[in-house]
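**Student:** Just run06.csv, nothing more (CSV, C-alpha atoms):
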```
chain,number,residue,atom,x,y,z
A,1,MET,CA,111.2,63.0,56.5
A,2,ALA,CA,111.3,59.3,56.4
A,3,ASP,CA,112.5,57.6,59.6
A,4,ASP,CA,115.4,55.8,57.9
A,5,LEU,CA,116.6,59.1,56.5
A,6,LYS,CA,116.5,60.6,59.9
A,7,GLU,CA,118.5,57.8,61.3
A,8,LEU,CA,121.1,58.1,58.5
A,9,LYS,CA,121.3,61.8,59.3
A,10,ILE,CA,121.9,61.2,63.0
A,11,GLU,CA,124.5,58.5,62.1
A,12,LEU,CA,126.3,60.9,59.7
A,13,SER,CA,126.3,63.7,62.3
A,14,LYS,CA,128.0,61.4,64.8
A,15,ASN,CA,130.8,61.0,62.3
A,16,GLY,CA,131.1,64.8,61.9
A,17,ILE,CA,129.1,65.1,58.7
A,18,PHE,CA,126.2,67.6,58.7
A,19,THR,CA,123.4,67.0,56.3
A,20,THR,CA,120.1,68.7,55.9
A,21,THR,CA,117.1,68.8,53.5
A,22,MET,CA,115.8,71.7,51.5
A,23,GLU,CA,112.6,71.6,53.6
A,24,GLU,CA,114.4,71.7,56.9
A,25,LEU,CA,116.7,74.5,55.8
A,26,TYR,CA,113.8,76.6,54.4
A,27,ASN,CA,111.7,76.1,57.6
A,28,TRP,CA,114.6,76.8,59.8
A,29,GLY,CA,115.3,80.1,58.1
A,30,ARG,CA,111.7,81.2,58.2
A,31,ARG,CA,111.2,80.0,61.8
A,32,ASN,CA,114.1,82.0,63.2
A,33,SER,CA,113.4,85.4,61.6
A,34,VAL,CA,109.8,86.1,62.2
A,35,TRP,CA,109.7,89.9,62.4
A,36,PRO,CA,106.5,91.3,64.0
A,37,LEU,CA,104.7,94.4,62.9
A,38,THR,CA,105.0,97.4,65.3
A,39,PHE,CA,101.3,97.4,66.0
A,40,GLY,CA,99.4,97.5,69.3
A,41,LEU,CA,95.8,98.2,70.2
A,42,ALA,CA,95.3,98.2,74.0
A,43,CYS,CA,96.7,97.1,77.3
A,44,CYS,CA,98.0,93.8,75.8
A,45,ALA,CA,100.3,95.9,73.7
A,46,ILE,CA,102.0,97.0,76.9
A,47,GLU,CA,102.7,93.4,77.7
A,48,MET,CA,103.9,92.9,74.1
A,49,ILE,CA,106.3,95.8,74.6
A,50,ALA,CA,107.5,94.3,77.9
A,51,THR,CA,108.1,91.0,76.0
A,52,THR,CA,110.5,92.7,73.6
A,53,MET,CA,112.5,94.4,76.4
A,54,ALA,CA,115.6,93.2,78.1
A,55,ARG,CA,113.9,91.1,80.9
A,56,TYR,CA,111.9,88.8,78.5
A,57,ASP,CA,113.8,89.5,75.4
A,58,LEU,CA,111.8,88.2,72.5
A,59,ALA,CA,114.9,88.8,70.3
A,60,ARG,CA,116.2,85.4,71.6
A,61,PHE,CA,113.7,83.8,69.3
A,62,GLY,CA,114.6,85.7,66.2
A,63,ALA,CA,112.0,88.4,66.5
A,64,GLU,CA,114.4,91.2,67.4
A,65,VAL,CA,113.1,93.9,65.1
A,66,PHE,CA,109.5,95.1,65.1
A,67,ARG,CA,109.1,96.5,61.6
A,68,PRO,CA,107.3,99.8,61.3
A,69,SER,CA,105.9,98.9,57.9
A,70,PRO,CA,103.6,96.0,57.1
A,71,ARG,CA,105.6,95.5,53.9
A,72,GLN,CA,108.6,94.3,55.9
A,73,ALA,CA,106.7,92.3,58.6
A,74,ASP,CA,106.0,88.6,58.8
A,75,LEU,CA,103.8,88.5,61.9
A,76,ILE,CA,101.0,90.7,63.2
A,77,ILE,CA,100.3,90.4,66.9
A,78,VAL,CA,96.8,91.6,67.4
A,79,SER,CA,97.3,92.8,71.0
A,80,GLY,CA,94.1,94.2,72.4
A,81,THR,CA,90.4,95.0,71.8
A,82,VAL,CA,89.6,95.3,68.1
A,83,THR,CA,86.8,97.9,67.8
A,84,LYS,CA,84.5,97.8,64.9
A,85,LYS,CA,85.9,101.1,63.8
A,86,MET,CA,89.5,99.7,63.9
A,87,ALA,CA,88.7,96.3,62.3
A,88,PRO,CA,88.9,97.3,58.7
A,89,GLN,CA,92.3,98.9,59.3
A,90,VAL,CA,93.6,95.7,61.0
A,91,VAL,CA,92.5,93.7,58.0
A,92,ARG,CA,94.0,96.2,55.6
A,93,LEU,CA,97.4,96.1,57.5
A,94,TYR,CA,97.3,92.3,57.2
A,95,ASN,CA,96.5,92.5,53.5
A,96,GLN,CA,99.6,94.7,53.0
A,97,MET,CA,101.9,92.2,54.6
A,98,PRO,CA,103.8,90.0,52.1
A,99,GLU,CA,103.5,86.2,52.3
A,100,PRO,CA,104.4,84.2,54.2
A,101,LYS,CA,102.6,85.9,57.1
A,102,TYR,CA,101.3,84.9,60.4
A,103,VAL,CA,98.8,86.2,63.0
A,104,ILE,CA,98.9,85.8,66.8
A,105,ALA,CA,95.6,86.9,68.5
A,106,MET,CA,96.8,88.0,71.9
A,107,GLY,CA,94.5,88.2,74.8
A,108,ALA,CA,90.8,87.7,75.5
A,109,CYS,CA,89.7,90.7,73.4
A,110,ALA,CA,91.5,89.7,70.3
A,111,ILE,CA,90.2,86.2,70.5
A,112,SER,CA,86.5,86.9,71.3
A,113,GLY,CA,85.9,90.4,72.4
A,114,GLY,CA,86.7,89.5,76.0
A,115,PRO,CA,85.1,91.5,78.7
A,116,PHE,CA,83.9,94.0,76.2
A,117,ARG,CA,82.2,91.3,74.0
A,118,ASP,CA,78.7,92.8,74.4
A,119,GLY,CA,79.8,96.4,73.7
A,120,TYR,CA,78.2,98.0,70.7
A,121,ASN,CA,81.5,98.8,69.1
A,122,VAL,CA,83.6,95.7,69.9
A,123,LEU,CA,84.5,93.1,67.3
A,124,ARG,CA,84.0,89.6,68.8
A,125,GLY,CA,87.4,88.3,67.8
A,126,ILE,CA,89.7,89.1,64.9
A,127,ASP,CA,89.4,85.6,63.6
A,128,ARG,CA,86.1,86.7,62.0
A,129,TYR,CA,88.1,88.4,59.2
A,130,ILE,CA,91.7,87.1,59.1
A,131,PRO,CA,93.1,83.6,59.7
A,132,VAL,CA,94.7,83.4,63.1
A,133,ASP,CA,97.6,81.0,63.7
A,134,VAL,CA,97.9,81.1,67.5
A,135,HIS,CA,95.4,82.3,70.1
A,136,ILE,CA,96.7,83.2,73.5
A,137,PRO,CA,94.1,83.6,76.3
A,138,GLY,CA,94.7,86.0,79.2
A,139,CYS,CA,93.7,89.4,80.3
A,140,PRO,CA,96.3,90.5,79.5
A,141,PRO,CA,98.6,87.4,78.9
A,142,ARG,CA,101.9,87.5,80.7
A,143,PRO,CA,105.0,88.0,78.5
A,144,GLU,CA,105.8,84.3,79.1
A,145,ALA,CA,102.5,83.5,77.4
A,146,LEU,CA,103.4,85.6,74.4
A,147,ILE,CA,106.7,83.8,74.2
A,148,HIS,CA,104.9,80.5,74.4
A,149,ALA,CA,102.6,81.6,71.6
A,150,PHE,CA,105.7,82.6,69.6
A,151,ILE,CA,107.4,79.3,70.2
A,152,THR,CA,104.1,77.6,69.2
A,153,LEU,CA,104.2,79.5,66.0
A,154,GLN,CA,107.8,78.5,65.4
A,155,LYS,CA,106.9,74.9,65.9
A,156,GLN,CA,104.0,75.2,63.4
A,157,ILE,CA,106.5,76.7,60.8
A,158,GLU,CA,109.0,74.0,61.5
A,159,ASP,CA,106.4,71.3,60.8
A,160,ASP,CA,105.4,72.8,57.5
A,161,VAL,CA,105.4,70.3,54.6
A,162,LEU,CA,106.4,72.2,51.5
A,163,ARG,CA,104.8,70.0,48.9
A,164,GLY,CA,101.4,68.3,48.5
A,165,ALA,CA,97.9,69.3,49.7
A,166,GLN,CA,99.2,70.2,53.2
A,167,ARG,CA,101.6,72.8,52.0
A,168,PRO,CA,101.4,76.2,53.6
A,169,ARG,CA,99.3,79.0,52.1
A,170,HIS,CA,102.1,81.0,50.6
A,171,LEU,CA,103.2,78.1,48.5
A,172,ASP,CA,99.7,77.5,47.1
A,173,PRO,CA,99.1,79.9,44.2
A,174,ASP,CA,95.3,79.4,44.5
A,175,ALA,CA,95.1,80.2,48.2
A,176,PRO,CA,94.1,83.8,49.0
A,177,SER,CA,96.7,86.2,50.3
A,178,GLU,CA,94.4,89.1,50.8
A,179,PHE,CA,91.1,89.0,52.6
A,180,PRO,CA,88.0,91.3,52.1
A,181,VAL,CA,88.1,94.4,54.2
A,182,PRO,CA,84.7,94.9,56.0
A,183,SER,CA,82.9,98.1,55.5
A,184,PHE,CA,80.9,100.3,57.9
A,185,GLY,CA,77.2,99.6,57.7
A,186,GLU,CA,74.2,101.2,59.2
A,187,HIS,CA,74.1,98.9,62.2
A,188,GLY,CA,77.6,97.3,62.3
A,189,LEU,CA,80.3,95.9,60.0
A,190,GLU,CA,79.3,94.4,56.7
A,191,PRO,CA,79.7,91.5,56.3
A,192,PRO,CA,79.7,90.5,60.0
A,193,ASP,CA,82.4,87.8,59.3
A,194,ASN,CA,84.3,86.2,56.5
A,195,PRO,CA,82.9,82.7,56.1
A,196,GLU,CA,86.1,81.6,54.3
A,197,VAL,CA,88.0,82.2,57.5
A,198,PHE,CA,85.5,82.1,60.3
A,199,ASN,CA,83.5,78.9,60.8
A,200,SER,CA,80.5,79.8,63.0
A,201,ALA,CA,78.7,76.5,62.4
A,202,PRO,CA,77.9,74.4,65.4
A,203,GLY,CA,80.1,71.4,66.0
A,204,ASN,CA,83.3,73.1,64.9
A,205,PRO,CA,85.2,74.0,68.0
A,206,LEU,CA,88.5,75.8,67.7
A,207,LYS,CA,91.5,73.6,67.2
A,208,VAL,CA,93.4,73.5,70.5
A,209,ILE,CA,97.2,73.1,70.2
A,210,GLN,CA,98.9,71.5,73.1
B,1,MET,CA,87.0,130.1,98.7
B,2,THR,CA,83.5,131.4,98.7
B,3,ALA,CA,80.6,129.3,99.6
B,4,LEU,CA,78.4,128.4,96.6
B,5,PRO,CA,74.8,129.7,96.9
B,6,THR,CA,72.1,127.1,97.2
B,7,PRO,CA,70.3,125.9,94.1
B,8,GLU,CA,67.3,127.9,95.1
B,9,ASP,CA,69.4,131.1,95.3
B,10,ILE,CA,70.9,130.5,91.9
B,11,LYS,CA,67.5,129.9,90.5
B,12,ALA,CA,66.3,133.2,91.9
B,13,GLN,CA,69.3,135.0,90.6
B,14,ILE,CA,68.8,133.6,87.1
B,15,GLU,CA,65.1,134.3,87.0
B,16,ALA,CA,65.8,137.9,88.3
B,17,GLY,CA,68.7,138.4,85.8
B,18,ILE,CA,67.0,137.0,82.7
B,19,PRO,CA,63.4,138.0,82.1
B,20,GLY,CA,61.2,135.1,81.2
B,21,ALA,CA,63.6,132.4,82.2
B,22,ALA,CA,62.0,129.4,84.0
B,23,VAL,CA,64.3,127.4,86.2
B,24,THR,CA,63.3,124.3,88.0
B,25,VAL,CA,65.3,122.9,90.9
B,26,ILE,CA,65.5,119.1,90.7
B,27,THR,CA,66.4,117.8,94.2
B,28,ASN,CA,68.6,114.8,94.7
B,29,GLY,CA,67.4,112.8,97.6
B,30,SER,CA,70.6,110.8,98.0
B,31,PRO,CA,73.2,111.7,100.7
B,32,SER,CA,75.3,113.6,98.2
B,33,ALA,CA,72.4,116.0,97.8
B,34,GLN,CA,73.6,117.3,94.5
B,35,HIS,CA,70.6,119.2,93.3
B,36,SER,CA,70.4,120.4,89.8
B,37,LEU,CA,68.8,123.2,87.8
B,38,LEU,CA,66.6,122.4,84.9
B,39,LEU,CA,66.7,125.2,82.3
B,40,ASP,CA,64.1,126.0,79.7
B,41,ASN,CA,65.5,125.6,76.2
B,42,GLN,CA,64.7,129.1,75.1
B,43,HIS,CA,66.7,130.8,77.8
B,44,ALA,CA,69.4,128.1,78.4
B,45,ARG,CA,72.1,129.9,76.5
B,46,ASP,CA,71.4,133.2,78.2
B,47,ALA,CA,71.3,131.5,81.6
B,48,ALA,CA,74.7,129.8,80.9
B,49,VAL,CA,76.3,133.2,80.0
B,50,PHE,CA,74.7,134.6,83.1
B,51,LEU,CA,76.2,131.9,85.3
B,52,ARG,CA,79.6,132.2,83.7
B,53,ASP,CA,79.8,136.0,84.0
B,54,HIS,CA,78.1,136.6,87.3
B,55,PRO,CA,80.7,138.2,89.6
B,56,ASP,CA,79.6,136.0,92.6
B,57,LEU,CA,79.3,132.7,90.7
B,58,ARG,CA,81.9,132.9,87.8
B,59,LEU,CA,81.3,129.3,86.7
B,60,ASP,CA,84.0,129.5,84.2
B,61,PHE,CA,84.7,125.7,83.8
B,62,CYS,CA,82.4,123.1,82.3
B,63,SER,CA,84.0,119.8,83.5
B,64,LEU,CA,81.4,117.3,82.1
B,65,VAL,CA,78.6,117.0,79.6
B,66,THR,CA,76.7,113.8,79.3
B,67,GLY,CA,73.4,112.5,78.0
B,68,VAL,CA,70.6,110.7,79.9
B,69,ASP,CA,67.9,108.7,78.2
B,70,TRP,CA,64.5,108.7,80.0
B,71,PRO,CA,62.3,106.2,78.1
B,72,ASP,CA,58.5,106.4,78.0
B,73,THR,CA,57.1,105.2,81.3
B,74,GLU,CA,53.6,104.1,82.4
B,75,THR,CA,52.2,104.4,85.9
B,76,THR,CA,49.2,102.6,87.1
B,77,GLU,CA,47.0,104.2,89.8
B,78,LYS,CA,44.0,102.7,91.4
B,79,ILE,CA,41.2,105.2,91.7
B,80,LYS,CA,37.9,104.7,93.4
B,81,VAL,CA,35.1,105.7,91.1
B,82,ARG,CA,31.4,105.9,92.0
B,83,LYS,CA,29.5,104.1,89.3
B,84,THR,CA,26.0,102.9,88.9
B,85,VAL,CA,26.0,99.1,88.4
B,86,ASP,CA,22.6,97.5,87.9
B,87,GLY,CA,20.8,100.5,89.3
B,88,VAL,CA,22.8,100.4,92.5
B,89,GLU,CA,25.4,103.1,93.2
B,90,THR,CA,28.6,101.5,94.3
B,91,ASP,CA,32.3,102.4,94.6
B,92,VAL,CA,34.4,100.6,92.0
B,93,GLU,CA,38.2,100.5,91.9
B,94,GLU,CA,39.5,101.4,88.5
B,95,ALA,CA,43.0,101.2,87.3
B,96,ARG,CA,44.0,104.3,85.5
B,97,LYS,CA,47.2,104.2,83.4
B,98,THR,CA,49.1,107.4,82.8
B,99,LYS,CA,51.7,107.5,80.0
B,100,ILE,CA,54.6,109.7,80.8
B,101,PRO,CA,56.4,110.5,77.5
B,102,GLY,CA,60.2,110.0,77.5
B,103,TYR,CA,62.8,112.6,76.7
B,104,LEU,CA,66.5,113.0,76.4
B,105,GLU,CA,68.5,115.1,78.7
B,106,ALA,CA,71.9,116.8,78.6
B,107,VAL,CA,73.6,117.3,81.9
B,108,TYR,CA,76.4,119.9,82.5
B,109,HIS,CA,78.7,120.0,85.5
B,110,LEU,CA,80.0,123.5,86.2
B,111,PHE,CA,82.9,124.7,88.4
B,112,SER,CA,84.5,127.9,89.1
B,113,MET,CA,88.3,128.1,88.8
B,114,GLU,CA,88.3,131.7,90.0
B,115,LYS,CA,86.1,131.2,93.0
B,116,LYS,CA,87.1,127.6,93.6
B,117,HIS,CA,83.6,126.4,94.0
B,118,GLY,CA,81.2,124.0,92.4
B,119,PRO,CA,79.7,121.9,91.1
B,120,VAL,CA,76.5,123.5,89.7
B,121,ILE,CA,74.6,121.0,87.7
B,122,LEU,CA,72.5,122.1,84.7
B,123,ARG,CA,70.0,120.1,82.8
B,124,VAL,CA,68.3,120.7,79.5
B,125,ARG,CA,65.6,118.4,78.1
B,126,THR,CA,64.4,117.6,74.6
B,127,ALA,CA,60.7,117.5,73.8
B,128,ASN,CA,60.6,113.8,73.1
B,129,ARG,CA,62.9,110.9,72.1
B,130,THR,CA,61.9,110.6,68.4
B,131,ASP,CA,61.6,113.7,66.2
B,132,GLN,CA,62.1,116.7,68.5
B,133,THR,CA,65.5,116.0,70.0
B,134,HIS,CA,66.9,119.5,69.9
B,135,VAL,CA,68.5,121.4,72.8
B,136,PRO,CA,70.6,124.5,72.6
B,137,SER,CA,74.3,123.9,72.5
B,138,LEU,CA,76.4,125.4,75.3
B,139,THR,CA,79.6,125.1,73.4
B,140,PRO,CA,79.6,128.8,72.5
B,141,VAL,CA,79.6,129.5,76.3
B,142,TRP,CA,82.1,126.8,77.4
B,143,ARG,CA,84.4,125.5,74.7
B,144,SER,CA,85.2,122.4,76.7
B,145,ALA,CA,81.7,121.1,76.0
B,146,GLU,CA,82.4,120.7,72.3
B,147,PHE,CA,83.6,117.1,72.1
B,148,GLN,CA,81.3,115.9,74.9
B,149,GLU,CA,78.2,117.4,73.2
B,150,ARG,CA,79.4,115.6,70.1
B,151,GLU,CA,79.6,112.4,72.1
B,152,ALA,CA,76.0,112.9,73.5
B,153,PHE,CA,74.9,113.5,69.9
B,154,ASP,CA,76.6,110.4,68.7
B,155,LEU,CA,75.4,108.0,71.4
B,156,TYR,CA,72.1,109.4,72.5
B,157,GLY,CA,70.9,111.4,69.4
B,158,ILE,CA,70.6,114.7,71.1
B,159,VAL,CA,70.9,117.5,68.5
B,160,PHE,CA,72.7,120.5,69.9
B,161,ASP,CA,71.5,123.6,68.0
B,162,GLY,CA,74.4,126.1,67.6
B,163,HIS,CA,77.2,123.6,68.0
B,164,PRO,CA,80.0,124.6,65.6
B,165,ASP,CA,80.9,121.1,64.4
B,166,LEU,CA,78.2,118.5,65.2
B,167,ARG,CA,79.4,115.2,63.8
B,168,ARG,CA,79.6,111.7,65.2
B,169,ILE,CA,82.7,111.3,67.2
B,170,LEU,CA,83.0,107.6,68.3
B,171,MET,CA,80.9,105.8,65.7
B,172,TRP,CA,81.3,106.2,62.0
B,173,GLU,CA,79.4,108.5,59.7
B,174,GLY,CA,76.5,106.5,58.3
B,175,PHE,CA,75.8,104.6,61.5
B,176,ALA,CA,72.1,104.8,62.1
B,177,ASP,CA,71.6,103.8,65.8
B,178,PHE,CA,72.2,105.5,69.1
B,179,PRO,CA,73.9,102.8,71.2
B,180,MET,CA,73.5,104.3,74.6
B,181,ARG,CA,69.7,104.6,74.4
B,182,LYS,CA,67.8,102.2,76.6
B,183,ASP,CA,66.0,100.6,73.7
B,184,TYR,CA,69.1,100.0,71.6
B,185,VAL,CA,69.3,96.5,70.2
B,186,PRO,CA,72.7,95.3,69.0
B,187,PRO,CA,72.8,93.7,65.5
B,188,ALA,CA,71.8,90.0,65.5
B,189,ASP,CA,74.8,89.1,63.4
B,190,ASP,CA,77.1,89.3,66.4
B,191,ARG,CA,76.3,85.7,66.7
B,192,LEU,CA,78.1,83.2,68.8
B,193,ALA,CA,80.0,80.2,67.7
B,194,GLU,CA,78.7,77.2,69.6
B,195,VAL,CA,81.6,75.1,71.0
B,196,HIS,CA,80.8,71.5,71.8
B,197,ALA,CA,83.0,69.8,74.3
```
Just give me the structure of the file as structure tokens.

**Tutor:**
Amino acid sequence: MADDLKELKIELSKNGIFTTTMEELYNWGRRNSVWPLTFGLACCAIEMIATTMARYDLARFGAEVFRPSPRQADLIIVSGTVTKKMAPQVVRLYNQMPEPKYVIAMGACAISGGPFRDGYNVLRGIDRYIPVDVHIPGCPPRPEALIHAFITLQKQIEDDVLRGAQRPRHLDPDAPSEFPVPSFGEHGLEPPDNPEVFNSAPGNPLKVIQ
Amino acid sequence: MTALPTPEDIKAQIEAGIPGAAVTVITNGSPSAQHSLLLDNQHARDAAVFLRDHPDLRLDFCSLVTGVDWPDTETTEKIKVRKTVDGVETDVEEARKTKIPGYLEAVYHLFSMEKKHGPVILRVRTANRTDQTHVPSLTPVWRSAEFQEREAFDLYGIVFDGHPDLRRILMWEGFADFPMRKDYVPPADDRLAEVHA
């Protein structure tokens, strides 16, 4: 929003008149009802469960219900080691979620394979197959870290511009909503990554969000 | 609780009870001194039934099955050989290399719930690591070995003859390698993304 409009809005609110824009309203609504998928893979899932319980209470941020079906979920928290045998199922679950949909890669394993990186059956990060919105390091991350990741995701949604080239994927009819499911090969998964999503070229470090 | 007979005693009992069985005691030099019994493949199943049903042993519980990969090794010995060099007979040191072919091994740890003793450790070996990787399955004797023999088949490629349901258990069907073997090379496409600061 332009600065003068913002000032006008503040001025009006001082006089008891509430105004908003379509974009703000739309992002506000999406940001405050991000429902995660009931889905856990390893020890990080235990921390994720703790985050939803009374002490940390993720419901404060609008994620009160973990949906048991991907058809009803907005967010998949990849919490734990993704084995090569499990990876196609994770991609399939993501494909079954309706747009708009988001991914949090929780913990060292989901980001990169973590301590099991050199294992013969460990996928070196789920970002090889699906686009990840927020990465949280940690082994496992504390519930506070997951809440931080969730707030980071909310900030990303809040900053979405609905029109133009920068618009989010679900408003772009040409952008993919489903991603190819890898298949079991003789020596590993085929293909080893999805180049549309995963940029393994040198000189392309991961974007770090403050 | 009855004291477990020594491995040598068990060996003697098996060889007395089963005609033609050949048992080798493999000593363990470490402080644990857990010696094991190497069974010949032909009589392994009979020996297992013998150990399970023997009134003094009653090894009714197989707690663990695992595989071991012993790759091909080469030893070099220096041997003095008398040779005639330029018409003069002299002692010459020659390095002689001996190739020890590798094999795969299945290891079983047995206990007795009834007698409360154990463990007795059994080993069976394959002929080599490539085409003759068969050993007799002991699942018909101890049902608890079923999944662990499948795991050894999956990760080491040991084929257990007589196993009721020998399929891969951890890796998928169609996977060609045996990841726990010493010479396993992971696929090169697990490449790293270089991150430049």

**Student:** Take atom CA of A:Lys155 and atom CA of A:Phe61 and report the distance between them in Å, one decimal.

**Tutor:**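 So the answer is 11.7 Å.
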
**Student:** Output as JSON lines one row per residue of stretch 31-113 of chain B within 10 Å of stretch 132-142 of chain B: the closest atom pair and its distance in Å to one decimal place, counting all atoms listed in the file, sorted by chain and residue number ascending.

**Tutor:**
```
{"residue": "B:Asp40", "atom": "CA", "partner": "B:Val135", "partner_atom": "CA", "distance": 9.4}
{"residue": "B:Asn41", "atom": "CA", "partner": "B:Val135", "partner_atom": "CA", "distance": 6.2}
{"residue": "B:Gln42", "atom": "CA", "partner": "B:Pro136", "partner_atom": "CA", "distance": 7.9}
{"residue": "B:His43", "atom": "CA", "partner": "B:Pro136", "partner_atom": "CA", "distance": 9.1}
{"residue": "B:Ala44", "atom": "CA", "partner": "B:Pro136", "partner_atom": "CA", "distance": 6.9}
{"residue": "B:Arg45", "atom": "CA", "partner": "B:Leu138", "partner_atom": "CA", "distance": 6.3}
{"residue": "B:Asp46", "atom": "CA", "partner": "B:Val141", "partner_atom": "CA", "distance": 9.2}
{"residue": "B:Ala48", "atom": "CA", "partner": "B:Val141", "partner_atom": "CA", "distance": 6.7}
{"residue": "B:Val49", "atom": "CA", "partner": "B:Val141", "partner_atom": "CA", "distance": 6.2}
{"residue": "B:Phe50", "atom": "CA", "partner": "B:Val141", "partner_atom": "CA", "distance": 9.8}
{"residue": "B:Leu51", "atom": "CA", "partner": "B:Val141", "partner_atom": "CA", "distance": 9.9}
{"residue": "B:Arg52", "atom": "CA", "partner": "B:Val141", "partner_atom": "CA", "distance": 7.9}
{"residue": "B:Leu59", "atom": "CA", "partner": "B:Trp142", "partner_atom": "CA", "distance": 9.7}
{"residue": "B:Asp60", "atom": "CA", "partner": "B:Trp142", "partner_atom": "CA", "distance": 7.6}
{"residue": "B:Phe61", "atom": "CA", "partner": "B:Trp142", "partner_atom": "CA", "distance": 7.0}
{"residue": "B:Cys62", "atom": "CA", "partner": "B:Trp142", "partner_atom": "CA", "distance": 6.1}
{"residue": "B:Ser63", "atom": "CA", "partner": "B:Trp142", "partner_atom": "CA", "distance": 9.5}
{"residue": "B:Val65", "atom": "CA", "partner": "B:Leu138", "partner_atom": "CA", "distance": 9.7}
{"residue": "B:Tyr103", "atom": "CA", "partner": "B:Thr133", "partner_atom": "CA", "distance": 8.0}
{"residue": "B:Leu104", "atom": "CA", "partner": "B:Thr133", "partner_atom": "CA", "distance": 7.1}
{"residue": "B:Glu105", "atom": "CA", "partner": "B:Val135", "partner_atom": "CA", "distance": 8.6}
{"residue": "B:Ala106", "atom": "CA", "partner": "B:Val135", "partner_atom": "CA", "distance": 8.1}
{"residue": "B:Tyr108", "atom": "CA", "partner": "B:Leu138", "partner_atom": "CA", "distance": 9.1}
{"residue": "B:Leu110", "atom": "CA", "partner": "B:Trp142", "partner_atom": "CA", "distance": 9.6}
```

**Student:** What does the distance between atom CA of A:Ala110 and atom CA of A:Asn27 come to in Å, to one decimal place?

**Tutor:**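 One can read the atom CA of A:Ala110 to atom CA of A:Asn27 distance as 27.5 Å.
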
**Student:** Please list as a list in words every residue within 8 Å of A:Ala87, counting all atoms listed in the file and excluding residues in the same chain fewer than 6 positions away.

**Tutor:**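 Contacts, with the query itself left out: Leu123, Ile126 and Pro182 of chain A.
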
**Student:** Give me, as JSON lines, the closest atom pair and its distance (Å, one decimal) for every residue of stretch 82-141 of chain A within a cut-off of 9 Å of stretch 163-178 of chain B, counting all atoms listed in the file, rows sorted by chain and rising number.

**Tutor:**
```
{"residue": "A:Lys84", "atom": "CA", "partner": "B:Met171", "partner_atom": "CA", "distance": 8.8}
{"residue": "A:Lys85", "atom": "CA", "partner": "B:Trp172", "partner_atom": "CA", "distance": 7.1}
{"residue": "A:Asn121", "atom": "CA", "partner": "B:Met171", "partner_atom": "CA", "distance": 7.8}
```

**Student:** What is the atom CA of A:Phe66 to atom CA of A:Phe150 distance in Å?

**Tutor:**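 Going from atom CA of A:Phe66 over to atom CA of A:Phe150, I get 13.8 Å.
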
**Student:** Taking the point (110.1, 90.8, 79.5) as given in the file, collect each protein or nucleic acid residue that comes within 10 Å of it, counting all atoms listed in the file, and present the set as a PyMOL selection string.

**Tutor:** chain A and resi 47-58+142-144+146-147

**Student:** How would the residues just picked look written out with C-alpha atoms as an mmCIF file, keeping the file's coordinate frame?

**Tutor:**
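The resulting file, part21.cif, is reproduced below:
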```cif
data_model
loop_
_atom_site.group_PDB
_atom_site.id
_atom_site.type_symbol
_atom_site.label_atom_id
_atom_site.label_comp_id
_atom_site.auth_asym_id
_atom_site.auth_seq_id
_atom_site.Cartn_x
_atom_site.Cartn_y
_atom_site.Cartn_z
ATOM 1 C CA GLU A 47 102.700 93.400 77.700
ATOM 2 C CA MET A 48 103.900 92.900 74.100
ATOM 3 C CA ILE A 49 106.300 95.800 74.600
ATOM 4 C CA ALA A 50 107.500 94.300 77.900
ATOM 5 C CA THR A 51 108.100 91.000 76.000
ATOM 6 C CA THR A 52 110.500 92.700 73.600
ATOM 7 C CA MET A 53 112.500 94.400 76.400
ATOM 8 C CA ALA A 54 115.600 93.200 78.100
ATOM 9 C CA ARG A 55 113.900 91.100 80.900
ATOM 10 C CA TYR A 56 111.900 88.800 78.500
ATOM 11 C CA ASP A 57 113.800 89.500 75.400
ATOM 12 C CA LEU A 58 111.800 88.200 72.500
ATOM 13 C CA ARG A 142 101.900 87.500 80.700
ATOM 14 C CA PRO A 143 105.000 88.000 78.500
ATOM 15 C CA GLU A 144 105.800 84.300 79.100
ATOM 16 C CA LEU A 146 103.400 85.600 74.400
ATOM 17 C CA ILE A 147 106.700 83.800 74.200
#
```

**Student:** Find the spatial neighbours of stretch 92-96 of chain B, counting all atoms listed in the file, within a cut-off of 6 Å - ignore same-chain residues fewer than 4 positions away - and output them as a list in words.

**Tutor:**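 The residues satisfying every condition are Thr76, Glu77, Lys78, Ile79, Lys80 and Val81 of chain B.
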
**Student:** Emit the selected residues as an mmCIF file, keeping the file's coordinate frame, including C-alpha atoms.

**Tutor:**
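What follows is the written file again.cif:
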```cif
data_model
loop_
_atom_site.group_PDB
_atom_site.id
_atom_site.type_symbol
_atom_site.label_atom_id
_atom_site.label_comp_id
_atom_site.auth_asym_id
_atom_site.auth_seq_id
_atom_site.Cartn_x
_atom_site.Cartn_y
_atom_site.Cartn_z
ATOM 1 C CA THR B 76 49.200 102.600 87.100
ATOM 2 C CA GLU B 77 47.000 104.200 89.800
ATOM 3 C CA LYS B 78 44.000 102.700 91.400
ATOM 4 C CA ILE B 79 41.200 105.200 91.700
ATOM 5 C CA LYS B 80 37.900 104.700 93.400
ATOM 6 C CA VAL B 81 35.100 105.700 91.100
#
```

**Student:** Restricting the calculation to all atoms listed in the file: of B:Thr27, B:Thr84, B:Thr130, B:Thr66, which residue gets closest to B:Leu155?

**Tutor:** B:Thr66

**Student:** Go through A:Ile46, A:Ile104, A:Val122, A:Met22 one by one, measure the shortest atom-to-atom distance of each to chain B using all atoms listed in the file, and give the residue with the smallest value.

**Tutor:** A:Val122

**Student:** Within 12 Å of (110.2, 72.9, 55.4), in the coordinates the file gives, what residues turn up when you count all atoms listed in the file, written out as number ranges by chain?

**Tutor:** A: 1, 20-31, 154-163, 166-168, 171
